Amino acid sequence: MSRRRGIRLLQVVTILVIVAAGVFIFFRSRQIERTTAADVVRSVRVVQAERRDLEEMLSLRGFVEADETVTILPLVSGTILNLGVDVGDAVEAGQQIARIDPARYDLARIQAEASFSAADSTFQRTRRLFEADATTRQNYDQARAQFEAARSQLDLALLQLSYTEVRSPIAGVVLQRHLASGDIASPERPLVTVGDIGRLVVRGAVPEEWYRRFSGSGGNGTGNQGGAVVSPVAVRIAAGGELYQGRIRTVAPYVSPRTRTFEVVSLVEGSPATLRPGMSVTVNFIFETRVNVPTLPLEALGYGNTLWYVDDGIARSIAAENLFSHGARMQIPEEDAHHRFILEGHHFLSEGQRVRVLGEEE
């Protein structure tokens, strides 16, 4: 029995020794790994800051429209004898674009003229009698009322007759033709749509979170970053590889509860010959421009918003909070612009770790 207890005791002691050795070896290896990691010389690629202009910009899709567009409807009904314009035709303000059959309106004019002539004759005779005190005031007033009614009917007949010649109220280009010669015209059926393509606008639906920037209450200050700021909101319109300057004409005073957007109308500067109503374009609203500031590629930003640079073969880090950026580049503080920043190999670096810059001799 004693012998068995001795054997068991020996086994337990052996197991404990093995476990203790394993624990020692594990922690020793971890310590060696940490020491080795600290001593590893990592290879990195560096980049110098470049001075560039950076912009804070919002880009939206929009459609070109004529600044002034009129859908022309006839004011009288009848058969269209001639619709003399087609899509793309230029028209002048006051130019006749269509003629409606005037026959019945001409007959109405003749009838109104006859009625007016009779009423005028009666009124003039009654007026002379009244002035000679040969008729009553009632007869005079009745004759004058009939005369004025006949004159109004004649004026109406002449006006309706003039409406048979449909004229454009604005100068522009025919954008759409809705009817043709031989169709029946009526005040409910449009003839053509004319737009002034010399003045073009672009309408954009802007998300509501940008409203303060457009209303001017969002602020365009440069903070602590420096750099010149160009304000107010500038507009660039891109279409077909071309850029056009614009300016904001109106900002809607409300936000649509259905789409959560508000409308901004931008006027295209000049008279661009290649833009036409209906074209799809990209509208760029530039809220802030920082001119000639030191910048780095966004790839240089490490974990935890940290920038790493090389100082005499040693990796050093600086905090990079709330940097102004646009596109693929970010602005860095002026006082740090002279450093050689690590562009590749900066992940998992330790402060003070030795590094080797690729492309440089040992």
# chains A, B, ... in the order shown; residues from 1 in each chain; ligands from 1
call {"tool": "select_by_dssp", "arguments": {"residues": "stretch 119-287 of chain A", "states": "alpha helix (DSSP H)", "output": "count of residues only"}}
result
44
call {"tool": "residues_around", "arguments": {"residues": "stretch 148-151 of chain A", "least_positions_apart": "5", "cutoff": "10 Å", "atoms": "only C-alpha atoms", "output": "list in words"}}
result
Ala112, Glu113, Ala114, Ser115, Phe116, Ser117, Ala118, Ala119, Asp120, Phe123, Ala143, Leu156 and Ala157 of chain A
call {"tool": "write_last_selection", "arguments": {"atoms": "C-alpha atoms", "output": "compact mmCIF listing (two decimals), in the first residue's frame"}}
result
# COMPACT_ATOMS: atom_id res chain seq x y z
CA ALA A 112 -71.83 93.56 -83.43
CA GLU A 113 -70.92 96.43 -85.75
CA ALA A 114 -74.49 96.58 -87.07
CA SER A 115 -75.93 96.55 -83.57
CA PHE A 116 -73.49 99.21 -82.49
CA SER A 117 -74.31 101.42 -85.49
CA ALA A 118 -78.02 101.23 -84.72
CA ALA A 119 -77.52 101.87 -81.02
CA ASP A 120 -75.19 104.77 -81.75
CA PHE A 123 -78.37 107.39 -78.75
CA ALA A 143 -80.61 104.89 -75.14
CA LEU A 156 -65.69 91.66 -77.45
CA ALA A 157 -66.25 90.56 -81.04
call {"tool": "closest_residue", "arguments": {"among": "A:Thr295, A:Thr14, A:Thr71, A:Ser152", "to": "A:His178", "atoms": "only C-alpha atoms"}}
result
A:Thr71
call {"tool": "residues_around", "arguments": {"residues": "A:Arg189", "least_positions_apart": "2", "cutoff": "8 Å", "atoms": "only C-alpha atoms", "output": "PyMOL selection string"}}
result
chain A and resi 73-74+185-187+191
call {"tool": "closest_residue", "arguments": {"among": "A:Thr250, A:Thr164, A:Thr135, A:Thr282", "to": "A:Phe214", "atoms": "only C-alpha atoms"}}
result
A:Thr250
call {"tool": "closest_residue", "arguments": {"among": "A:Val40, A:Gly62, A:Phe262, A:Arg144", "to": "A:Phe130", "atoms": "only C-alpha atoms"}}
result
A:Arg144
call {"tool": "residues_around", "arguments": {"residues": "A:Arg316", "least_positions_apart": "4", "cutoff": "8 Å", "atoms": "only C-alpha atoms", "output": "short mmCIF file (atom, residue, chain, number, x, y, z; two decimals) with C-alpha atoms, in the first residue's frame"}}
result
data_model
loop_
_atom_site.label_atom_id
_atom_site.label_comp_id
_atom_site.auth_asym_id
_atom_site.auth_seq_id
_atom_site.Cartn_x
_atom_site.Cartn_y
_atom_site.Cartn_z
CA TRP A 308 2.82 58.56 -38.68
CA TYR A 309 6.05 60.14 -39.83
CA VAL A 310 9.73 59.19 -39.84
CA ASP A 311 12.12 61.09 -37.60
CA GLU A 351 5.68 54.70 -31.03
CA GLY A 352 9.48 54.87 -31.23
#
call {"tool": "atom_distance", "arguments": {"atom1": "atom CA of A:Glu55", "atom2": "atom CA of A:Asp67"}}
result
28.5 Å
